[in-house]
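Raw contents of entry.pdb, PDB, C-alpha atoms:
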ATOM      1  CA  MET A  97      16.292 -13.672   4.764
ATOM      2  CA  ALA A  98      16.323 -10.534   6.892
ATOM      3  CA  ILE A  99      15.850  -7.057   5.428
ATOM      4  CA  TRP A 100      18.992  -5.012   6.018
ATOM      5  CA  GLN A 101      18.788  -1.209   6.166
ATOM      6  CA  GLY A 102      22.501  -0.442   6.313
ATOM      7  CA  ARG A 103      24.788   1.170   3.748
ATOM      8  CA  PRO A 104      24.980  -0.249   0.233
ATOM      9  CA  LYS A 105      28.127  -1.835  -1.235
ATOM     10  CA  ARG A 106      28.251   0.639  -4.120
ATOM     11  CA  LYS A 107      28.418   4.420  -4.399
ATOM     12  CA  PRO A 108      25.899   6.322  -6.570
ATOM     13  CA  SER A 109      28.698   6.587  -9.171
ATOM     14  CA  GLY A 110      29.040   2.790  -9.246
ATOM     15  CA  GLY A 111      32.309   2.648  -7.337
ATOM     16  CA  ARG A 112      32.781   0.091  -4.586
ATOM     17  CA  ILE A 113      32.522   0.987  -0.888
ATOM     18  CA  ARG A 114      34.851  -1.091   1.275
ATOM     19  CA  ALA A 115      33.019  -2.089   4.471
ATOM     20  CA  ALA A 116      34.703  -0.789   7.640
ATOM     21  CA  ARG A 117      32.562  -3.053   9.833
ATOM     22  CA  LYS A 118      30.040  -5.884   9.723
ATOM     23  CA  LYS A 119      26.261  -5.629   9.806
ATOM     24  CA  ARG A 120      24.592  -4.654  13.081
ATOM     25  CA  ARG A 121      21.387  -5.935  14.619
ATOM     26  CA  PHE A 122      19.846  -2.438  14.810
ATOM     27  CA  GLU A 123      20.140  -2.171  11.012
ATOM     28  CA  ILE A 124      17.677  -5.026  10.467
ATOM     29  CA  GLY A 125      14.314  -3.974   9.011
ATOM     30  CA  ARG A 126      10.918  -5.669   9.260
ATOM     31  CA  GLU A 127       8.792  -7.414   6.662
ATOM     32  CA  LYS A 128       6.143  -5.257   4.978
ATOM     33  CA  GLN A 129       2.626  -5.495   6.342
ATOM     34  CA  PHE A 130       0.176  -3.317   4.476
ATOM     35  CA  THR A 131      -2.718  -1.307   5.874
ATOM     36  CA  ARG A 132      -5.881  -2.529   4.177
ATOM     37  CA  LEU A 133      -9.539  -1.626   4.263
ATOM     38  CA  GLY A 134     -11.562  -3.444   6.939
ATOM     39  CA  GLU A 135     -12.446  -3.492  10.630
ATOM     40  CA  ARG A 136      -9.741  -1.848  12.787
ATOM     41  CA  LYS A 137      -6.890  -4.211  13.664
ATOM     42  CA  VAL A 138      -3.604  -2.958  15.178
ATOM     43  CA  LYS A 139      -0.315  -4.738  15.845
ATOM     44  CA  MET A 140       2.090  -3.253  18.413
ATOM     45  CA  TYR A 141       5.856  -3.469  17.935
ATOM     46  CA  ARG A 142       8.733  -2.875  20.306
ATOM     47  CA  VAL A 143      11.281  -0.577  18.715
ATOM     48  CA  LYS A 144      14.620   0.908  19.778
ATOM     49  CA  GLY A 145      14.653   2.345  23.284
ATOM     50  CA  ALA A 146      11.778   0.031  24.362
ATOM     51  CA  ASN A 147       9.330   2.363  22.629
ATOM     52  CA  GLN A 148       6.144   1.194  20.906
ATOM     53  CA  LYS A 149       4.978   1.551  17.307
ATOM     54  CA  ALA A 150       1.405   0.782  16.282
ATOM     55  CA  ARG A 151       1.106  -0.837  12.870
ATOM     56  CA  LEU A 152      -2.377  -0.684  11.380
ATOM     57  CA  LEU A 153      -3.280  -3.900   9.614
ATOM     58  CA  THR A 154      -6.872  -2.955   8.740
ATOM     59  CA  ILE A 155      -8.921   0.223   9.240
ATOM     60  CA  ASP A 156     -12.265   1.524   7.990
ATOM     61  CA  GLN A 157     -12.297   5.079   9.418
ATOM     62  CA  ALA A 158     -10.134   8.165   8.960
ATOM     63  CA  ASN A 159      -9.724  11.520  10.696
ATOM     64  CA  VAL A 160     -10.473  13.925   7.824
ATOM     65  CA  VAL A 161      -9.654  17.646   7.935
ATOM     66  CA  ASP A 162     -11.723  20.074   5.873
ATOM     67  CA  PRO A 163      -9.256  22.824   4.825
ATOM     68  CA  LYS A 164     -12.016  25.440   4.449
ATOM     69  CA  THR A 165     -13.649  25.096   7.874
ATOM     70  CA  LYS A 166     -10.599  23.556   9.660
ATOM     71  CA  ALA A 167     -12.980  20.996  11.150
ATOM     72  CA  ILE A 168     -11.868  17.416  11.814
ATOM     73  CA  LYS A 169     -14.376  14.585  11.428
ATOM     74  CA  LYS A 170     -14.071  10.830  11.814
ATOM     75  CA  VAL A 171     -15.556   9.371   8.630
ATOM     76  CA  LYS A 172     -15.862   5.982   6.972
ATOM     77  CA  ILE A 173     -13.415   5.083   4.181
ATOM     78  CA  LEU A 174     -15.259   3.629   1.199
ATOM     79  CA  THR A 175     -12.386   2.692  -1.144
ATOM     80  CA  VAL A 176      -8.877   3.572  -2.302
ATOM     81  CA  LYS A 177      -8.957   5.684  -5.491
ATOM     82  CA  THR A 178      -5.247   6.173  -6.296
ATOM     83  CA  ASN A 179      -1.926   5.285  -4.710
ATOM     84  CA  PRO A 180       1.246   6.892  -6.087
ATOM     85  CA  SER A 181       3.564   4.374  -4.413
ATOM     86  CA  ASN A 182       2.164   1.411  -6.377
ATOM     87  CA  PRO A 183      -0.803   1.237  -8.808
ATOM     88  CA  ASN A 184      -1.510  -2.372  -7.744
ATOM     89  CA  TYR A 185      -2.293  -1.167  -4.219
ATOM     90  CA  VAL A 186      -5.544   0.383  -5.523
ATOM     91  CA  GLN A 187      -6.989  -3.010  -6.516
ATOM     92  CA  ARG A 188      -5.988  -4.472  -3.137
ATOM     93  CA  ASN A 189      -7.299  -1.419  -1.150
ATOM     94  CA  ILE A 190      -3.885  -0.829   0.452
ATOM     95  CA  MET A 191      -3.393   2.580   2.077
ATOM     96  CA  THR A 192      -0.103   4.445   2.377
ATOM     97  CA  LYS A 193       0.856   8.073   2.870
ATOM     98  CA  GLY A 194      -0.136  10.060  -0.232
ATOM     99  CA  ALA A 195      -2.904   7.663  -1.278
ATOM    100  CA  THR A 196      -6.250   9.165  -2.319
ATOM    101  CA  VAL A 197      -9.236   7.548  -0.606
ATOM    102  CA  MET A 198     -12.964   7.984  -1.162
ATOM    103  CA  THR A 199     -14.742   8.870   2.081
ATOM    104  CA  GLU A 200     -18.299   9.805   2.983
ATOM    105  CA  LEU A 201     -17.295  13.493   2.712
ATOM    106  CA  GLY A 202     -15.528  13.054  -0.650
ATOM    107  CA  GLU A 203     -11.987  12.366  -1.807
ATOM    108  CA  ALA A 204      -9.175  12.823   0.699
ATOM    109  CA  VAL A 205      -5.397  12.410   0.667
ATOM    110  CA  ILE A 206      -3.789  10.416   3.486
ATOM    111  CA  THR A 207      -1.224  12.493   5.375
ATOM    112  CA  SER A 208      -0.160  10.033   8.104
ATOM    113  CA  ARG A 209       2.046   6.958   7.858
ATOM    114  CA  CYS A 210      -0.490   4.231   8.655
ATOM    115  CA  GLY A 211       2.082   1.496   9.249
ATOM    116  CA  GLN A 212       3.976   3.579  11.818
ATOM    117  CA  ASP A 213       1.483   5.969  13.416
ATOM    118  CA  GLY A 214      -1.402   3.572  14.010
ATOM    119  CA  VAL A 215      -3.937   6.101  12.702
ATOM    120  CA  VAL A 216      -5.217   7.347   9.333
ATOM    121  CA  ASN A 217      -5.259  11.136   9.042
ATOM    122  CA  ALA A 218      -6.404  12.657   5.756
ATOM    123  CA  MET A 219      -7.057  16.037   4.177
ATOM    124  CA  LEU A 220     -10.146  16.645   2.076
ATOM    125  CA  MET A 221      -9.353  17.565  -1.528
ATOM    126  CA  LYS A 222     -10.733  20.741  -3.015
ATOM    127  CA  PRO A 223     -12.884  20.263  -6.141
ATOM    128  CA  SER A 224     -10.194  22.019  -8.253
ATOM    129  CA  GLU A 225      -7.506  19.588  -6.961
ATOM    130  CA  ASN A 226      -9.579  16.535  -7.816
ATOM    131  CA  PRO A 227      -8.032  14.896 -10.922
ATOM    132  CA  ALA A 228     -11.261  13.002 -11.745
ATOM    133  CA  GLN A 229     -13.260  16.223 -12.283
ATOM    134  CA  GLN A 230     -10.731  17.891 -14.620
TER
END
Please render this file's structure as structure tokens.
Amino acid sequence: MAIWQGRPKRKPSGGRIRAARKKRRFEIGREKQFTRLGERKVKMYRVKGANQKARLLTIDQANVVDPKTKAIKKVKILTVKTNPSNPNYVQRNIMTKGATVMTELGEAVITSRCGQDGVVNAMLMKPSENPAQQ
């Protein structure tokens, strides 16, 4: 069954919303495909307006910014440490925005949307921000 991204049938208060129209094709969503750790593999999608979206299926490198020096380096991702969207994603090495990954430079937080941008951008965590060292 298709994923529908239209309005719900109920209000936040629980009251019913009477539909003024039927579902539309542009309201259909896509199945989830997670970005995992591995050799770079990208899937291109056609979206509205004949534009393209790059969905990362697997990646092993990230563009990491060091906030102190403002330098950007392409480094290898070793593993996923935490993922606030779902704790099970850590065991499966699934990366989403906000996930903490272990890189060659240290721990970094992913700032890009891997499934939509086609790239993994991350910001290096300061030692005081690191929850493991507290």
Practice problem: Kindly indicate which residue among A:Gln157, A:Thr175, A:Asn217, A:Thr165 lies nearest to A:Asn189, using all atoms listed in the file for the distances. | Solution: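 Closest candidate: A:Thr175.
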All file atoms of stretch 127-141 of chain A boxed axis-aligned, 5 Å per side, centre plus edges, as lines of an AutoDock Vina configuration file:
center_x = -1.8
center_y = -4.4
center_z = 11.3
size_x = 31.2
size_y = 16.1
size_z = 24.2
Exercise. Select, from A:Lys105, A:Arg132, A:Arg114, A:Lys144, the residue with the minimum atom-to-atom distance to A:Gln187, counting all atoms listed in the file.
Key: A:Arg132
Quiz prompt | Reference answer for the PyMOL selection byres ((chain A and resi 191) around 8), as a ChimeraX atom specification | solution = /A:130-133,176,179,185,189-190,192-193,195,206,210
Exercise. Fewer than 3 positions away in the same chain doesn't count, so skip those; otherwise give me all residues within 8 Å of A:Ala204, counting only C-alpha atoms, as a ChimeraX atom specification.
Key: /A:160,196-199,218-221
Quiz item: Between atom CA of A:Lys118 and atom CA of A:Ile99, what is the spacing in Å?
Solution: 14.9 Å
Exercise. Carefully work through the PyMOL selection byres ((chain A and resi 134) around 6) for this structure and note down the residues it includes, as a PyMOL selection string.
Key: chain A and resi 133+135+154-156
Quiz prompt | Minimum-distance residue to A:Ala98, chosen among A:Leu152, A:Val215, A:Ile113, A:Ile124 (using all atoms listed in the file) | solution =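 Distance minimum relative to A:Ala98 lands on A:Ile124.
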Output check: residues returned by the PyMOL selection byres ((chain A and resi 150) around 6), as a short mmCIF file (atom, residue, chain, number, x, y, z; two decimals) with C-alpha atoms, keeping the file's coordinate frame:
data_model
loop_
_atom_site.label_atom_id
_atom_site.label_comp_id
_atom_site.auth_asym_id
_atom_site.auth_seq_id
_atom_site.Cartn_x
_atom_site.Cartn_y
_atom_site.Cartn_z
CA LYS A 139 -0.32 -4.74 15.84
CA MET A 140 2.09 -3.25 18.41
CA LYS A 149 4.98 1.55 17.31
CA ARG A 151 1.11 -0.84 12.87
CA GLN A 212 3.98 3.58 11.82
CA ASP A 213 1.48 5.97 13.42
CA GLY A 214 -1.40 3.57 14.01
#
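When all atoms listed in the file are used to measure the gap to A:Val205, the shortest distance among A:Arg126, A:Arg142, A:Arg188, A:Lys177 belongs to A:Lys177.
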Self-check item: Residue contacts of A:Arg120 (10 Å, all atoms listed in the file) excluding same-chain residues fewer than 4 positions away, as a list in words
Solution: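 Returned residues: Trp100, Gln101, Gly102 and Ile124 of chain A.
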